[in-house]
$ cat run-v8.pdb   # PDB, C-alpha atoms
ATOM      1  CA  MET A   1      76.898 -10.443 -70.257  1.00  0.00           C
ATOM      2  CA  ARG A   2      77.567 -13.632 -68.316  1.00  0.00           C
ATOM      3  CA  ARG A   3      77.540 -11.659 -65.043  1.00  0.00           C
ATOM      4  CA  LEU A   4      74.167 -10.226 -65.904  1.00  0.00           C
ATOM      5  CA  SER A   5      72.590 -13.648 -66.438  1.00  0.00           C
ATOM      6  CA  ARG A   6      74.082 -14.967 -63.164  1.00  0.00           C
ATOM      7  CA  ALA A   7      72.699 -11.945 -61.345  1.00  0.00           C
ATOM      8  CA  ARG A   8      69.256 -12.695 -62.795  1.00  0.00           C
ATOM      9  CA  VAL A   9      69.445 -16.307 -61.636  1.00  0.00           C
ATOM     10  CA  VAL A  10      70.465 -15.221 -58.124  1.00  0.00           C
ATOM     11  CA  LEU A  11      67.645 -12.636 -57.976  1.00  0.00           C
ATOM     12  CA  ALA A  12      65.077 -15.130 -59.263  1.00  0.00           C
ATOM     13  CA  GLY A  13      66.221 -17.707 -56.688  1.00  0.00           C
ATOM     14  CA  ALA A  14      65.978 -15.139 -53.885  1.00  0.00           C
ATOM     15  CA  ALA A  15      62.473 -14.183 -55.018  1.00  0.00           C
ATOM     16  CA  VAL A  16      61.360 -17.829 -54.992  1.00  0.00           C
ATOM     17  CA  VAL A  17      62.780 -18.352 -51.489  1.00  0.00           C
ATOM     18  CA  LEU A  18      61.089 -15.174 -50.256  1.00  0.00           C
ATOM     19  CA  VAL A  19      57.705 -16.123 -51.725  1.00  0.00           C
ATOM     20  CA  CYS A  20      57.847 -19.690 -50.399  1.00  0.00           C
ATOM     21  CA  SER A  21      58.870 -18.634 -46.898  1.00  0.00           C
ATOM     22  CA  SER A  22      56.225 -15.905 -46.671  1.00  0.00           C
ATOM     23  CA  SER A  23      53.460 -18.204 -47.955  1.00  0.00           C
ATOM     24  CA  ALA A  24      54.414 -20.858 -45.382  1.00  0.00           C
ATOM     25  CA  ALA A  25      54.318 -18.314 -42.558  1.00  0.00           C
ATOM     26  CA  TRP A  26      51.038 -16.787 -43.749  1.00  0.00           C
ATOM     27  CA  ALA A  27      49.050 -19.954 -44.500  1.00  0.00           C
ATOM     28  CA  GLY A  28      45.361 -19.089 -44.788  1.00  0.00           C
ATOM     29  CA  GLY A  29      46.022 -15.341 -44.832  1.00  0.00           C
ATOM     30  CA  THR A  30      46.934 -15.052 -41.144  1.00  0.00           C
ATOM     31  CA  PRO A  31      50.268 -15.679 -39.457  1.00  0.00           C
ATOM     32  CA  ALA A  32      50.634 -19.242 -38.213  1.00  0.00           C
ATOM     33  CA  GLY A  33      49.394 -19.442 -34.625  1.00  0.00           C
ATOM     34  CA  ALA A  34      48.238 -15.808 -34.578  1.00  0.00           C
ATOM     35  CA  GLY A  35      44.750 -16.594 -33.259  1.00  0.00           C
ATOM     36  CA  PRO A  36      41.614 -14.530 -33.758  1.00  0.00           C
ATOM     37  CA  SER A  37      41.562 -11.128 -35.453  1.00  0.00           C
ATOM     38  CA  ASN A  38      39.060  -8.812 -37.144  1.00  0.00           C
ATOM     39  CA  VAL A  39      36.321  -9.721 -34.644  1.00  0.00           C
ATOM     40  CA  SER A  40      33.001  -8.035 -35.401  1.00  0.00           C
ATOM     41  CA  VAL A  41      29.448  -8.253 -34.070  1.00  0.00           C
ATOM     42  CA  SER A  42      26.438  -7.679 -36.317  1.00  0.00           C
ATOM     43  CA  PRO A  43      24.217  -5.869 -35.597  1.00  0.00           C
ATOM     44  CA  SER A  44      26.135  -3.657 -33.225  1.00  0.00           C
ATOM     45  CA  GLN A  45      22.909  -2.777 -31.369  1.00  0.00           C
ATOM     46  CA  VAL A  46      20.472  -5.581 -30.575  1.00  0.00           C
ATOM     47  CA  HIS A  47      17.378  -6.039 -28.408  1.00  0.00           C
ATOM     48  CA  GLN A  48      17.128  -8.596 -25.624  1.00  0.00           C
ATOM     49  CA  GLY A  49      16.132 -11.969 -27.096  1.00  0.00           C
ATOM     50  CA  ALA A  50      17.447 -11.210 -30.603  1.00  0.00           C
ATOM     51  CA  THR A  51      20.375 -12.899 -32.347  1.00  0.00           C
ATOM     52  CA  VAL A  52      23.822 -11.562 -33.218  1.00  0.00           C
ATOM     53  CA  LYS A  53      26.422 -12.830 -35.666  1.00  0.00           C
ATOM     54  CA  VAL A  54      30.029 -12.834 -34.503  1.00  0.00           C
ATOM     55  CA  THR A  55      32.624 -12.993 -37.282  1.00  0.00           C
ATOM     56  CA  ALA A  56      36.339 -13.589 -36.752  1.00  0.00           C
ATOM     57  CA  SER A  57      39.392 -14.318 -38.881  1.00  0.00           C
ATOM     58  CA  GLY A  58      42.297 -16.600 -38.058  1.00  0.00           C
ATOM     59  CA  CYS A  59      40.532 -19.396 -36.147  1.00  0.00           C
ATOM     60  CA  THR A  60      41.637 -22.132 -38.520  1.00  0.00           C
ATOM     61  CA  SER A  61      41.006 -24.782 -35.839  1.00  0.00           C
ATOM     62  CA  GLY A  62      37.737 -23.301 -34.552  1.00  0.00           C
ATOM     63  CA  GLY A  63      37.108 -21.483 -31.319  1.00  0.00           C
ATOM     64  CA  THR A  64      34.642 -20.307 -28.701  1.00  0.00           C
ATOM     65  CA  VAL A  65      32.598 -17.089 -28.510  1.00  0.00           C
ATOM     66  CA  THR A  66      31.610 -15.882 -25.037  1.00  0.00           C
ATOM     67  CA  SER A  67      29.809 -12.888 -23.566  1.00  0.00           C
ATOM     68  CA  ALA A  68      27.882 -12.008 -20.422  1.00  0.00           C
ATOM     69  CA  ALA A  69      24.880 -11.351 -22.703  1.00  0.00           C
ATOM     70  CA  PHE A  70      24.566 -14.887 -24.130  1.00  0.00           C
ATOM     71  CA  PRO A  71      25.693 -18.481 -23.511  1.00  0.00           C
ATOM     72  CA  ALA A  72      28.968 -19.623 -25.111  1.00  0.00           C
ATOM     73  CA  VAL A  73      28.765 -20.726 -28.752  1.00  0.00           C
ATOM     74  CA  GLN A  74      31.250 -22.562 -30.955  1.00  0.00           C
ATOM     75  CA  LEU A  75      33.030 -20.780 -33.798  1.00  0.00           C
ATOM     76  CA  PRO A  76      33.570 -23.167 -36.727  1.00  0.00           C
ATOM     77  CA  ALA A  77      37.060 -23.734 -38.120  1.00  0.00           C
ATOM     78  CA  GLY A  78      38.073 -21.625 -41.113  1.00  0.00           C
ATOM     79  CA  THR A  79      39.983 -18.601 -42.300  1.00  0.00           C
ATOM     80  CA  THR A  80      37.020 -16.285 -41.650  1.00  0.00           C
ATOM     81  CA  THR A  81      34.002 -17.797 -39.903  1.00  0.00           C
ATOM     82  CA  THR A  82      30.744 -16.734 -38.269  1.00  0.00           C
ATOM     83  CA  ALA A  83      28.870 -17.941 -35.195  1.00  0.00           C
ATOM     84  CA  THR A  84      25.292 -17.008 -34.284  1.00  0.00           C
ATOM     85  CA  ALA A  85      24.280 -16.376 -30.674  1.00  0.00           C
ATOM     86  CA  ARG A  86      20.924 -15.505 -29.115  1.00  0.00           C
ATOM     87  CA  VAL A  87      21.072 -12.681 -26.604  1.00  0.00           C
ATOM     88  CA  ALA A  88      19.349 -13.680 -23.371  1.00  0.00           C
ATOM     89  CA  ASP A  89      15.927 -12.166 -22.616  1.00  0.00           C
ATOM     90  CA  THR A  90      17.364 -11.143 -19.250  1.00  0.00           C
ATOM     91  CA  ALA A  91      20.601  -9.600 -20.599  1.00  0.00           C
ATOM     92  CA  THR A  92      21.423  -6.287 -18.957  1.00  0.00           C
ATOM     93  CA  PRO A  93      20.867  -3.371 -21.360  1.00  0.00           C
ATOM     94  CA  GLY A  94      24.055  -1.472 -22.203  1.00  0.00           C
ATOM     95  CA  ALA A  95      27.516  -2.126 -23.595  1.00  0.00           C
ATOM     96  CA  HIS A  96      28.774  -5.724 -23.683  1.00  0.00           C
ATOM     97  CA  THR A  97      32.002  -7.380 -24.784  1.00  0.00           C
ATOM     98  CA  VAL A  98      32.323 -10.477 -26.966  1.00  0.00           C
ATOM     99  CA  THR A  99      35.460 -12.580 -26.509  1.00  0.00           C
ATOM    100  CA  VAL A 100      36.617 -14.946 -29.244  1.00  0.00           C
ATOM    101  CA  ARG A 101      39.078 -17.602 -28.066  1.00  0.00           C
ATOM    102  CA  CYS A 102      41.069 -19.677 -30.535  1.00  0.00           C
ATOM    103  CA  GLY A 103      43.579 -21.918 -28.813  1.00  0.00           C
ATOM    104  CA  SER A 104      45.280 -19.827 -26.145  1.00  0.00           C
ATOM    105  CA  ARG A 105      44.696 -16.448 -27.815  1.00  0.00           C
ATOM    106  CA  THR A 106      41.728 -14.106 -27.564  1.00  0.00           C
ATOM    107  CA  ALA A 107      40.295 -11.058 -29.287  1.00  0.00           C
ATOM    108  CA  ASN A 108      37.374  -8.825 -28.303  1.00  0.00           C
ATOM    109  CA  ALA A 109      34.634  -6.739 -29.861  1.00  0.00           C
ATOM    110  CA  SER A 110      31.781  -4.788 -28.341  1.00  0.00           C
ATOM    111  CA  PHE A 111      28.060  -4.396 -28.967  1.00  0.00           C
ATOM    112  CA  THR A 112      25.081  -2.820 -27.219  1.00  0.00           C
ATOM    113  CA  VAL A 113      22.035  -4.597 -25.805  1.00  0.00           C
ATOM    114  CA  LEU A 114      18.818  -2.560 -26.000  1.00  0.00           C
ATOM    115  CA  ALA A 115      15.933  -3.012 -23.556  1.00  0.00           C
ATOM    116  CA  GLY A 116      12.805  -4.788 -24.747  1.00  0.00           C
ATOM    117  CA  THR A 117      12.061  -7.523 -27.238  1.00  0.00           C
ATOM    118  CA  PRO A 118      12.567  -7.163 -30.983  1.00  0.00           C
ATOM    119  CA  ALA A 119       9.628  -6.347 -33.267  1.00  0.00           C
ATOM    120  CA  ARG A 120       8.007  -9.271 -35.004  1.00  0.00           C
ATOM    121  CA  GLY A 121       7.394  -9.216 -38.737  1.00  0.00           C
ATOM    122  CA  GLY A 122       4.149  -9.864 -40.540  1.00  0.00           C
ATOM    123  CA  LEU A 123       1.142  -8.344 -38.823  1.00  0.00           C
ATOM    124  CA  GLY A 124       3.337  -7.019 -36.023  1.00  0.00           C
ATOM    125  CA  GLY A 125       1.365  -8.915 -33.425  1.00  0.00           C
ATOM    126  CA  SER A 126      -1.636  -6.616 -33.895  1.00  0.00           C
ATOM    127  CA  GLN A 127      -3.882  -9.470 -35.077  1.00  0.00           C
ATOM    128  CA  ILE A 128      -4.010 -13.168 -34.587  1.00  0.00           C
ATOM    129  CA  SER A 129      -4.478 -15.122 -37.793  1.00  0.00           C
ATOM    130  CA  SER A 130      -7.584 -17.312 -37.845  1.00  0.00           C
ATOM    131  CA  THR A 131      -9.143 -19.844 -40.195  1.00  0.00           C
ATOM    132  CA  ALA A 132     -11.583 -17.213 -41.492  1.00  0.00           C
ATOM    133  CA  VAL A 133      -8.780 -14.803 -42.378  1.00  0.00           C
ATOM    134  CA  THR A 134      -6.839 -17.571 -44.138  1.00  0.00           C
ATOM    135  CA  ALA A 135      -9.940 -18.688 -46.091  1.00  0.00           C
ATOM    136  CA  ALA A 136     -10.702 -15.106 -47.165  1.00  0.00           C
ATOM    137  CA  GLY A 137      -7.134 -14.633 -48.392  1.00  0.00           C
ATOM    138  CA  GLY A 138      -7.251 -17.892 -50.331  1.00  0.00           C
ATOM    139  CA  ALA A 139     -10.576 -16.929 -51.922  1.00  0.00           C
ATOM    140  CA  MET A 140      -9.210 -13.556 -53.046  1.00  0.00           C
ATOM    141  CA  ALA A 141      -6.130 -15.209 -54.546  1.00  0.00           C
ATOM    142  CA  ALA A 142      -8.319 -17.735 -56.435  1.00  0.00           C
ATOM    143  CA  LEU A 143     -10.574 -14.937 -57.724  1.00  0.00           C
ATOM    144  CA  ALA A 144      -7.553 -13.000 -58.971  1.00  0.00           C
ATOM    145  CA  ALA A 145      -6.181 -16.091 -60.754  1.00  0.00           C
ATOM    146  CA  CYS A 146      -9.549 -16.822 -62.432  1.00  0.00           C
ATOM    147  CA  THR A 147      -9.947 -13.195 -63.519  1.00  0.00           C
ATOM    148  CA  GLY A 148      -6.453 -13.175 -65.018  1.00  0.00           C
ATOM    149  CA  ALA A 149      -7.080 -16.432 -66.889  1.00  0.00           C
ATOM    150  CA  PHE A 150     -10.408 -15.096 -68.233  1.00  0.00           C
ATOM    151  CA  LEU A 151      -8.818 -11.869 -69.484  1.00  0.00           C
ATOM    152  CA  ILE A 152      -5.918 -13.662 -71.178  1.00  0.00           C
ATOM    153  CA  THR A 153      -8.296 -16.121 -72.876  1.00  0.00           C
ATOM    154  CA  ARG A 154     -10.614 -13.331 -74.023  1.00  0.00           C
ATOM    155  CA  ARG A 155      -7.748 -11.380 -75.646  1.00  0.00           C
ATOM    156  CA  HIS A 156      -6.551 -14.417 -77.580  1.00  0.00           C
ATOM    157  CA  ARG A 157     -10.030 -15.077 -79.013  1.00  0.00           C
ATOM    158  CA  ALA A 158     -10.388 -11.458 -80.165  1.00  0.00           C
ATOM    159  CA  GLN A 159      -7.256 -11.627 -82.284  1.00  0.00           C
TER     160      GLN A 159
END
$ encode --input "run-v8.pdb" --output "structure tokens"
Amino acid sequence: MRRLSRARVVLAGAAVVLVCSSSAAWAGGTPAGAGPSNVSVSPSQVHQGATVKVTASGCTSGGTVTSAAFPAVQLPAGTTTTATARVADTATPGAHTVTVRCGSRTANASFTVLAGTPARGGLGGSQISSTAVTAAGGAMAALAACTGAFLITRRHRAQ
């Protein structure tokens, strides 16, 4: 029985040493000094002039994101971080590579630049907003609010 308890102590000690050594080597979820990994670009297809988000893991001291399609941007320090870059209006349509550099190590990902500018939201550029359009919209909103208040008041009086 005494041998069994000594064996348990030895096994427990070995487990503690193993856990401590592996956690020291894998601080932050990536091997110490491993550099960038899991580099991704979102969206993977983007129009000239639009923005992309580059995400990378393992740049615990920060890094730099470069591509022929946009000027270099800084990647903040962290276990998994994201940098935003604006694709140049003059970027060549087609496949491009993003390089993430952390210290002396690099990792790459690819994305595609599409020709043309991205669509704009709202009216889609089909109309230019004017004072008259804004005033008409405000008047309709005020009318709707007054009508709603009148109907709610009328129902309460009837009860």
$ atom_distance --input "run-v8.pdb" --atom1 "atom CA of Ser37 of chain A" --atom2 "atom CA of Asp89 of chain A"
28.7 Å
$ residues_around --input "run-v8.pdb" --residues "Pro93 of chain A" --least-positions-apart "2" --cutoff "6 Å" --atoms "only C-alpha atoms" --output "PyMOL selection string"
chain A and resi 113-115
$ closest_residue --input "run-v8.pdb" --among "A:Gly35, A:Gly63, A:Gly49, A:Gly138" --to "Val87 of chain A" --atoms "only C-alpha atoms"
A:Gly49
$ closest_atom_pairs --input "run-v8.pdb" --of "segment 34-97 of chain A" --to "segment 104-107 of chain A" --cutoff "12 Å" --atoms "all atoms listed in the file" --output "JSON lines"
{"residue": "A:Ala34", "atom": "CA", "partner": "A:Arg105", "partner_atom": "CA", "distance": 7.7}
{"residue": "A:Gly35", "atom": "CA", "partner": "A:Arg105", "partner_atom": "CA", "distance": 5.4}
{"residue": "A:Pro36", "atom": "CA", "partner": "A:Ala107", "partner_atom": "CA", "distance": 5.8}
{"residue": "A:Ser37", "atom": "CA", "partner": "A:Ala107", "partner_atom": "CA", "distance": 6.3}
{"residue": "A:Asn38", "atom": "CA", "partner": "A:Ala107", "partner_atom": "CA", "distance": 8.3}
{"residue": "A:Val39", "atom": "CA", "partner": "A:Ala107", "partner_atom": "CA", "distance": 6.8}
{"residue": "A:Ser40", "atom": "CA", "partner": "A:Ala107", "partner_atom": "CA", "distance": 10.0}
{"residue": "A:Val54", "atom": "CA", "partner": "A:Ala107", "partner_atom": "CA", "distance": 11.7}
{"residue": "A:Thr55", "atom": "CA", "partner": "A:Ala107", "partner_atom": "CA", "distance": 11.2}
{"residue": "A:Ala56", "atom": "CA", "partner": "A:Ala107", "partner_atom": "CA", "distance": 8.8}
{"residue": "A:Ser57", "atom": "CA", "partner": "A:Ala107", "partner_atom": "CA", "distance": 10.2}
{"residue": "A:Gly58", "atom": "CA", "partner": "A:Arg105", "partner_atom": "CA", "distance": 10.5}
{"residue": "A:Cys59", "atom": "CA", "partner": "A:Arg105", "partner_atom": "CA", "distance": 9.8}
{"residue": "A:Ser61", "atom": "CA", "partner": "A:Ser104", "partner_atom": "CA", "distance": 11.7}
{"residue": "A:Gly62", "atom": "CA", "partner": "A:Ser104", "partner_atom": "CA", "distance": 11.8}
{"residue": "A:Gly63", "atom": "CA", "partner": "A:Thr106", "partner_atom": "CA", "distance": 9.5}
{"residue": "A:Thr64", "atom": "CA", "partner": "A:Thr106", "partner_atom": "CA", "distance": 9.5}
{"residue": "A:Val65", "atom": "CA", "partner": "A:Thr106", "partner_atom": "CA", "distance": 9.7}
{"residue": "A:Thr66", "atom": "CA", "partner": "A:Thr106", "partner_atom": "CA", "distance": 10.6}
{"residue": "A:Thr97", "atom": "CA", "partner": "A:Ala107", "partner_atom": "CA", "distance": 10.1}
$ residues_around --input "run-v8.pdb" --residues "Thr51 of chain A" --least-positions-apart "6" --cutoff "8 Å" --atoms "only C-alpha atoms" --output "VMD selection string"
chain A and resid 84 to 87
$ axis_aligned_box --input "run-v8.pdb" --around "segment 106-111 of chain A" --padding-each-side "6 Å" --output "JSON"
{"center_x": 34.9, "center_y": -9.3, "center_z": -28.7, "size_x": 25.7, "size_y": 21.7, "size_z": 14.3}
$ atom_distance --input "run-v8.pdb" --atom1 "atom CA of Ala68 of chain A" --atom2 "atom CA of Gln45 of chain A"
15.2 Å
$ closest_residue --input "run-v8.pdb" --among "A:Thr60, A:Thr99, A:Thr134, A:Ser67" --to "Thr81 of chain A" --atoms "only C-alpha atoms"
A:Thr60
$ atom_distance --input "run-v8.pdb" --atom1 "atom CA of Thr131 of chain A" --atom2 "atom CA of Ala144 of chain A"
20.0 Å
